[in-house]
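J.: Below is a structure I'd like to ask you about.
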Amino acid sequence: MDCYLGVDFGTSGARAIALDPNQAIQAQVSLSFDGIAPAGNLAECWKTTLFELMARLPAPVRSHLRGMAINGTSSTVLLCDRGGQPITEPLLYNDDRGKQVLAHVAEIAPPGHTVLSATSSLAKFLWWRQHLHQFGDAHYFLHQADWLAALLHGQFGISDYHNSLKLGYDIGSLRYPDWLDLPLLPTVVNPGTAIAPILPHLADQFHIPHDCVIHAGTTDSIAAFLASQATTPGDAVTSLGSTLVLKLLSRVRIDHPHYGIYSHRLGDFWLVGGASNTGGAVLNHFFSTQELLDLSARISPETESPLEYYPLLNPGERFPINDPALPPKLEPRPRDRVKFLHGLLQSIARIEMHGYHLLESLGATPLTQILTAGGGAQNPTWTAIRAHQCCVPVHSARQTEAAFGTALLTLPSSHRAHNEGMIR
Ligand code: ADP
């Protein structure tokens with residue numbers, strides 16, 4: 001049976017998932033970056049990991065591969081020579097040396113633009129241009145996913161509009177804006193666009209069909225959203241990880257820098273997102289994983305807790321309240337730890353609903369369903385508390401692996417009807 005491969009490059013390792021045309025998983029392999037290549041050569045480590053993942057796929061899957069795509073971490077970037085060889089170490093998603101050039105970014109970009117961050121791809125580009133003496137040797141500025149895909153199809157200089165958002169690409173008009181007149185920038189295509197067949201020598205090396213097509217990729221967080229199978233405007237994914245992250249599929253684009261809200265494009269729709277500093281990290285501070293399980297089981301989700309907290313580890317919040325000095329509110333603290341946990345879970349659920357109401361009040365498509373990802377999705381009591389607080393169904397996402405979502409990008413359109421209108 002035909003197979004379609006998605007490869008997710010995360011912060012500590014990479015994972016590949018092969019799907020059949022019915023979206024059933026046929027194989028999955030993962031590798032940690034630890035010990036893959038000598039320290040100080042990250043790009044080589046990624047390349048080795050990619051090829052090793054391909055080598056570890058079962059031979060029958062490799063011999064039936066029809067398509068492949070790769071997602072990387074957003075704003076992880078490389079500067080390469082004419083042959084696609086990196087001329088310096090990549091800059092990672094969280095590298096904030098761009099703060100040294102933020103004033104320059106602010107001179108060229110419109111106020112409130114997503115590129116106005118020390119970690120944006122554009123800040124990294126400008127930092128390299130100002131500080132790297134071999135900048136003159138550079139021919140391509142690429143994101144991690146762009147570069148890895150180009151190793152497979154051979155065409156350096158191509159990116160997708162998810163990776164390129166924080167470079168300043170205009171996802172509304174699908175072109176670079178006039179204020180962004182810089183050399184070396186990639187040509188931007190829609191995520192999932194078929195670029196070219198895999199290079200013949202790689203097809204031979206890995207026993208992959210010569211007509212296996214390499215597609216443009218995406219970022220890790222969008223890939224995870226695609227994996228959740230949220231498909232209709234009004235569908236949302238709440239990630240209950242260390243922090244609370246909301247993503248709502250909307251017919252209307254919302255960008256509101258005051259609250260850190262911005263939209264990615266998904267075909268004809270928009271993926272509107274906001275991130276709060278509350279979340280599981282606060283739960284971890286007070287409870288062990290076992291306690292979370294044991295004490296949650298003793299909470300009655302239908303009963304309203306009288307406790308109204310704003311659970312934060314440190315002062316400061318952006319969304320859904322913008323107050324850089326907002327103090328954590330964790331009092332009064334009952335002696336009964338079941339009651340304390342109930343208050344925390346309900347308060348985080350309240351902040352989640354506040355977030356969705358804020359997105360709606362700014363014009364986003366009203367919420368119709370919430371899928372849940374992240375560690376907190378495993379807690380049925382919390383799901384019941386959240387369902388009780390809002391008037392839409394709340395479920396666990398069936399799939400949250402970014403590699404799964406990236407594999408969906410490569411399926412023939414007849415097999416991704418669920419994505420109709422989202423990616424084209
Ligand atoms: P991240 O990738 O953001 O670090 P994860 O998605 O791995 O986070 O989720 C980890 C978080 O999930 C932890 O902060 C933890 O508090 C929370 N978590 C794990 N198990 C439970 C549980 N049973 N109930 C509530 N929260 C949980």
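Within each chain, counting starts at residue 1; across the structure tokens, chains are named A, B, ... in the order shown, with ligands numbered 1 upward in that order.
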Within 6 Å of ligand 1, counting only C-alpha atoms and all ligand atoms, which protein or nucleic acid residues do you find, written as an MDAnalysis selection string?
T.: chainID A and resid 241:243 280:281 283:284 289 292:293 374:376 378:379
J.: Extract, using only C-alpha atoms, all DNA, RNA and protein residues at most 12 Å from A:Trp270, discarding same-chain residues fewer than 5 positions from it, and format them as a list in words.
T.: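 Once the adjacent positions are removed, what remains is His162, Ile171, Gly172, Ile222, Thr231, Thr232, Pro233, Gly234, Asp235, Ala236, Lys247, Leu248, Leu249, Ser250, Arg251, Val252, Arg253, Ile254, Asp255, Tyr262, Ser263, His264, Arg265, Gly363, Ala364, Thr365, Gly421, Met422 and Ile423 of chain A.
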J.: I need the chosen residues saved as a CSV table (one decimal), in the first residue's frame, with C-alpha atoms.
T.:
chain,number,residue,atom,x,y,z
A,162,HIS,CA,4.2,28.9,8.0
A,171,ILE,CA,0.5,35.7,4.5
A,172,GLY,CA,-2.5,37.9,3.6
A,222,ILE,CA,1.1,23.9,13.2
A,231,THR,CA,-11.0,20.9,10.6
A,232,THR,CA,-13.9,23.3,10.8
A,233,PRO,CA,-13.9,27.0,11.7
A,234,GLY,CA,-14.8,27.1,15.4
A,235,ASP,CA,-12.7,24.0,16.2
A,236,ALA,CA,-10.0,24.7,18.7
A,247,LYS,CA,-5.5,27.8,18.9
A,248,LEU,CA,-8.8,28.5,17.2
A,249,LEU,CA,-9.5,27.8,13.5
A,250,SER,CA,-11.3,30.9,12.3
A,251,ARG,CA,-12.7,32.4,9.1
A,252,VAL,CA,-11.4,35.8,10.3
A,253,ARG,CA,-7.8,36.7,10.8
A,254,ILE,CA,-7.0,38.2,14.2
A,255,ASP,CA,-3.7,39.9,15.0
A,262,TYR,CA,-1.5,36.4,15.9
A,263,SER,CA,-2.8,34.3,13.1
A,264,HIS,CA,-1.2,31.7,10.8
A,265,ARG,CA,-2.8,31.1,7.4
A,363,GLY,CA,-13.9,38.8,15.8
A,364,ALA,CA,-12.7,35.2,15.5
A,365,THR,CA,-15.2,32.5,14.5
A,421,GLY,CA,-10.1,24.6,2.6
A,422,MET,CA,-7.3,24.4,5.2
A,423,ILE,CA,-4.3,23.7,3.0
J.: Of the candidates A:Gln389, A:Thr73, A:Ser221, A:Gln134, which shows the shortest atom-to-atom distance to A:Ala373, using only C-alpha atoms?
T.: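 Distance minimum relative to A:Ala373 lands on A:Ser221.
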J.: Just want the 7 Å neighbourhood of A:Asp2, counted on only C-alpha atoms, with same-chain residues fewer than 3 positions away dropped. Output as a list in words.
T.: Asp20, Pro21, His64, Leu65 and Arg66 of chain A
J.: Using N, CA and C atoms, can you write the selected residues to a file as a PDB file, in the first residue's frame?
T.:
ATOM      1  N   ASP A  20      -0.734   5.314   5.764  1.00  0.00           N
ATOM      2  CA  ASP A  20      -1.285   4.828   4.499  1.00  0.00           C
ATOM      3  C   ASP A  20      -2.330   5.843   4.030  1.00  0.00           C
ATOM      4  N   PRO A  21      -2.921   5.648   2.859  1.00  0.00           N
ATOM      5  CA  PRO A  21      -3.840   6.683   2.357  1.00  0.00           C
ATOM      6  C   PRO A  21      -5.063   6.894   3.255  1.00  0.00           C
ATOM      7  N   HIS A  64       7.368   1.779  -0.643  1.00  0.00           N
ATOM      8  CA  HIS A  64       6.040   2.246  -1.085  1.00  0.00           C
ATOM      9  C   HIS A  64       5.824   3.726  -0.792  1.00  0.00           C
ATOM     10  N   LEU A  65       6.921   4.442  -0.491  1.00  0.00           N
ATOM     11  CA  LEU A  65       6.746   5.871  -0.162  1.00  0.00           C
ATOM     12  C   LEU A  65       6.367   6.670  -1.405  1.00  0.00           C
ATOM     13  N   ARG A  66       5.289   7.422  -1.298  1.00  0.00           N
ATOM     14  CA  ARG A  66       4.826   8.273  -2.403  1.00  0.00           C
ATOM     15  C   ARG A  66       5.115   9.750  -2.134  1.00  0.00           C
TER      16      ARG A  66
END
J.: Between stretch 185-269 of chain A and stretch 42-61 of chain A, at 10 Å or less, what are the per-residue closest atom pairs and their distances in Å? Count only C-alpha atoms, order by chain and rising residue number, and return it as a tab-separated table.
T.:
residue	atom	partner	partner_atom	distance
A:Leu202	CA	A:Phe51	CA	9.3
A:Gln205	CA	A:Ala55	CA	9.0
A:Phe206	CA	A:Ala55	CA	6.3
A:His207	CA	A:Ala59	CA	7.6
A:Ile208	CA	A:Val61	CA	8.8
J.: Separation of atom CA of A:Asp181 and atom CA of A:Gly267, in Å?
T.: 25.4 Å
J.: Using DSSP on the backbone, list every residue of stretch 73-188 of chain A that comes out as helix (DSSP H, G or I), and give them as a VMD selection string.
T.: chain A and resid 97 to 108 121 to 131 133 to 137 144 to 153 165 to 167
J.: Extract, using only C-alpha atoms, all DNA, RNA and protein residues at most 7 Å from A:Val189, discarding same-chain residues fewer than 2 positions from it, and format them as a PyMOL selection string.
T.: chain A and resi 159-161+187+191+193
J.: Could you take the residues named above and write them with N, CA and C atoms, as a tab-separated table (two decimals), in the first residue's frame?
T.:
chain	number	residue	atom	x	y	z
A	159	SER	N	10.82	27.95	0.82
A	159	SER	CA	10.23	27.82	2.16
A	159	SER	C	8.72	27.75	2.02
A	160	ASP	N	8.02	27.69	3.16
A	160	ASP	CA	6.56	27.66	3.16
A	160	ASP	C	6.06	28.84	4.01
A	161	TYR	N	4.77	29.17	3.87
A	161	TYR	CA	4.30	30.39	4.54
A	161	TYR	C	4.06	30.23	6.04
A	187	THR	N	12.09	31.65	-1.70
A	187	THR	CA	10.80	31.71	-2.39
A	187	THR	C	9.81	30.96	-1.51
A	191	PRO	N	2.34	25.50	2.36
A	191	PRO	CA	2.76	24.26	3.03
A	191	PRO	C	2.13	23.07	2.31
A	193	THR	N	2.98	21.96	-0.63
A	193	THR	CA	3.18	22.01	-2.09
A	193	THR	C	4.19	20.94	-2.52
J.: With only C-alpha atoms as the counted atoms, please give the residues lying no more than 12 Å from A:Leu411, apart from itself and same-chain residues fewer than 6 positions off, as a PyMOL selection string.
T.: chain A and resi 2-6+18-24+65-69+192-194+212-215+404-405+417-419+423-424
J.: Could you write out the selected residues, including N, CA and C atoms, as a PDB file, in the first residue's frame?
T.:
ATOM      1  N   ASP A   2       0.427   2.307  -0.677  1.00  0.00           N
ATOM      2  CA  ASP A   2       1.191   3.554  -0.708  1.00  0.00           C
ATOM      3  C   ASP A   2       1.384   4.104   0.708  1.00  0.00           C
ATOM      4  N   CYS A   3       2.534   4.736   0.933  1.00  0.00           N
ATOM      5  CA  CYS A   3       2.810   5.321   2.248  1.00  0.00           C
ATOM      6  C   CYS A   3       3.256   6.777   2.091  1.00  0.00           C
ATOM      7  N   TYR A   4       2.981   7.564   3.132  1.00  0.00           N
ATOM      8  CA  TYR A   4       3.256   9.011   3.128  1.00  0.00           C
ATOM      9  C   TYR A   4       3.954   9.338   4.441  1.00  0.00           C
ATOM     10  N   LEU A   5       5.109   9.994   4.342  1.00  0.00           N
ATOM     11  CA  LEU A   5       5.947  10.154   5.532  1.00  0.00           C
ATOM     12  C   LEU A   5       5.986  11.600   6.015  1.00  0.00           C
ATOM     13  N   GLY A   6       5.767  11.780   7.305  1.00  0.00           N
ATOM     14  CA  GLY A   6       5.960  13.081   7.943  1.00  0.00           C
ATOM     15  C   GLY A   6       7.125  12.976   8.908  1.00  0.00           C
ATOM     16  N   ALA A  18       4.874   7.171   9.190  1.00  0.00           N
ATOM     17  CA  ALA A  18       4.392   6.842   7.837  1.00  0.00           C
ATOM     18  C   ALA A  18       2.921   6.464   7.921  1.00  0.00           C
ATOM     19  N   LEU A  19       2.104   7.098   7.079  1.00  0.00           N
ATOM     20  CA  LEU A  19       0.668   6.818   7.032  1.00  0.00           C
ATOM     21  C   LEU A  19       0.331   6.116   5.733  1.00  0.00           C
ATOM     22  N   ASP A  20      -0.734   5.314   5.764  1.00  0.00           N
ATOM     23  CA  ASP A  20      -1.285   4.828   4.499  1.00  0.00           C
ATOM     24  C   ASP A  20      -2.330   5.843   4.030  1.00  0.00           C
ATOM     25  N   PRO A  21      -2.921   5.648   2.859  1.00  0.00           N
ATOM     26  CA  PRO A  21      -3.840   6.683   2.357  1.00  0.00           C
ATOM     27  C   PRO A  21      -5.063   6.894   3.255  1.00  0.00           C
ATOM     28  N   ASN A  22      -5.347   5.901   4.128  1.00  0.00           N
ATOM     29  CA  ASN A  22      -6.480   6.061   5.047  1.00  0.00           C
ATOM     30  C   ASN A  22      -6.058   6.657   6.390  1.00  0.00           C
ATOM     31  N   GLN A  23      -4.878   7.164   6.442  1.00  0.00           N
ATOM     32  CA  GLN A  23      -4.333   7.823   7.615  1.00  0.00           C
ATOM     33  C   GLN A  23      -4.044   6.857   8.771  1.00  0.00           C
ATOM     34  N   ALA A  24      -3.917   5.574   8.466  1.00  0.00           N
ATOM     35  CA  ALA A  24      -3.505   4.611   9.495  1.00  0.00           C
ATOM     36  C   ALA A  24      -1.976   4.608   9.553  1.00  0.00           C
ATOM     37  N   LEU A  65       6.921   4.442  -0.491  1.00  0.00           N
ATOM     38  CA  LEU A  65       6.746   5.871  -0.162  1.00  0.00           C
ATOM     39  C   LEU A  65       6.367   6.670  -1.405  1.00  0.00           C
ATOM     40  N   ARG A  66       5.289   7.422  -1.298  1.00  0.00           N
ATOM     41  CA  ARG A  66       4.826   8.273  -2.403  1.00  0.00           C
ATOM     42  C   ARG A  66       5.115   9.750  -2.134  1.00  0.00           C
ATOM     43  N   GLY A  67       5.218  10.109  -0.844  1.00  0.00           N
ATOM     44  CA  GLY A  67       5.434  11.509  -0.516  1.00  0.00           C
ATOM     45  C   GLY A  67       6.105  11.662   0.840  1.00  0.00           C
ATOM     46  N   MET A  68       6.800  12.783   1.023  1.00  0.00           N
ATOM     47  CA  MET A  68       7.472  13.071   2.296  1.00  0.00           C
ATOM     48  C   MET A  68       7.440  14.560   2.557  1.00  0.00           C
ATOM     49  N   ALA A  69       7.308  14.946   3.824  1.00  0.00           N
ATOM     50  CA  ALA A  69       7.450  16.360   4.199  1.00  0.00           C
ATOM     51  C   ALA A  69       8.074  16.428   5.593  1.00  0.00           C
ATOM     52  N   GLY A 192       2.913  22.022   2.129  1.00  0.00           N
ATOM     53  CA  GLY A 192       2.382  20.830   1.460  1.00  0.00           C
ATOM     54  C   GLY A 192       2.529  20.843  -0.051  1.00  0.00           C
ATOM     55  N   THR A 193       2.985  21.962  -0.634  1.00  0.00           N
ATOM     56  CA  THR A 193       3.179  22.009  -2.091  1.00  0.00           C
ATOM     57  C   THR A 193       4.194  20.936  -2.520  1.00  0.00           C
ATOM     58  N   ALA A 194       3.874  20.226  -3.606  1.00  0.00           N
ATOM     59  CA  ALA A 194       4.825  19.248  -4.135  1.00  0.00           C
ATOM     60  C   ALA A 194       5.991  20.010  -4.753  1.00  0.00           C
ATOM     61  N   CYS A 212       8.903   9.331  -5.614  1.00  0.00           N
ATOM     62  CA  CYS A 212       8.425   9.800  -4.295  1.00  0.00           C
ATOM     63  C   CYS A 212       8.636  11.321  -4.230  1.00  0.00           C
ATOM     64  N   VAL A 213       7.564  12.045  -3.966  1.00  0.00           N
ATOM     65  CA  VAL A 213       7.616  13.515  -4.046  1.00  0.00           C
ATOM     66  C   VAL A 213       7.920  14.132  -2.676  1.00  0.00           C
ATOM     67  N   ILE A 214       8.821  15.090  -2.676  1.00  0.00           N
ATOM     68  CA  ILE A 214       9.108  15.842  -1.452  1.00  0.00           C
ATOM     69  C   ILE A 214       8.246  17.114  -1.466  1.00  0.00           C
ATOM     70  N   HIS A 215       7.522  17.322  -0.366  1.00  0.00           N
ATOM     71  CA  HIS A 215       6.594  18.455  -0.277  1.00  0.00           C
ATOM     72  C   HIS A 215       7.154  19.531   0.650  1.00  0.00           C
ATOM     73  N   PHE A 404       2.710  13.231  12.491  1.00  0.00           N
ATOM     74  CA  PHE A 404       1.443  12.770  11.901  1.00  0.00           C
ATOM     75  C   PHE A 404       0.826  13.903  11.072  1.00  0.00           C
ATOM     76  N   GLY A 405       0.789  15.109  11.655  1.00  0.00           N
ATOM     77  CA  GLY A 405       0.208  16.247  10.938  1.00  0.00           C
ATOM     78  C   GLY A 405       0.985  16.579   9.678  1.00  0.00           C
ATOM     79  N   ALA A 417      -9.742  14.955   2.603  1.00  0.00           N
ATOM     80  CA  ALA A 417     -10.952  15.754   2.507  1.00  0.00           C
ATOM     81  C   ALA A 417     -11.180  16.544   3.794  1.00  0.00           C
ATOM     82  N   HIS A 418     -10.748  15.956   4.922  1.00  0.00           N
ATOM     83  CA  HIS A 418     -10.935  16.634   6.205  1.00  0.00           C
ATOM     84  C   HIS A 418     -10.193  17.970   6.218  1.00  0.00           C
ATOM     85  N   ASN A 419      -9.187  18.096   5.357  1.00  0.00           N
ATOM     86  CA  ASN A 419      -8.407  19.332   5.345  1.00  0.00           C
ATOM     87  C   ASN A 419      -8.920  20.325   4.316  1.00  0.00           C
ATOM     88  N   ILE A 423      -5.571  23.617   3.696  1.00  0.00           N
ATOM     89  CA  ILE A 423      -4.283  23.720   3.014  1.00  0.00           C
ATOM     90  C   ILE A 423      -4.544  23.450   1.550  1.00  0.00           C
ATOM     91  N   ARG A 424      -4.077  24.279   0.697  1.00  0.00           N
ATOM     92  CA  ARG A 424      -4.264  24.020  -0.725  1.00  0.00           C
ATOM     93  C   ARG A 424      -2.983  24.376  -1.460  1.00  0.00           C
TER      94      ARG A 424
END
J.: When you look at A:Phe340 with a cut-off of 12 Å (counting only C-alpha atoms), what residues show up, excluding the ones that are within fewer than 3 positions of it in the same chain? I need them as a PyMOL selection string.
T.: chain A and resi 283+286-287+292+295-296+298-299+305-309+311+330-337+343-347
J.: Between atom CA of A:Leu31 and atom CA of A:Gly13, what distance in Å does the model show, to one decimal?
T.: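 It comes out at 5.6 Å.
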J.: Find the residues near stretch 114-130 of chain A: any atom within 10 Å, counting only C-alpha atoms, skip ones fewer than 3 places away on the same chain, and give them as a VMD selection string.
T.: chain A and resid 74 to 79 88 90 to 106 108 to 111 133 to 136 138 141 to 143 163 to 169 180 182 184 to 185 255 to 257 260 to 263
J.: Using DSSP assignments from the backbone, pull out every residue in stretch 303-370 of chain A that falls under strand (DSSP E or B) and give it to me as a list in words.
T.: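 Matching residues, listed in order: Tyr310, Glu317, Asp323, Lys329, Gln369 and Ile370 of chain A.
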J.: Of the candidates A:Tyr356, A:Ala407, A:Asn314, A:Leu362, which shows the shortest atom-to-atom distance to A:Cys390, using only C-alpha atoms?
T.: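 Checking each of A:Tyr356, A:Ala407, A:Asn314, A:Leu362 against A:Cys390, counting only C-alpha atoms, the winner is A:Tyr356.
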J.: With only C-alpha atoms as the atoms that count, which of A:Cys391, A:Ala297, A:Met1, A:Ile370 lies nearest to A:Gln229?
T.: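 Smallest separation from A:Gln229 among the options: A:Ile370.
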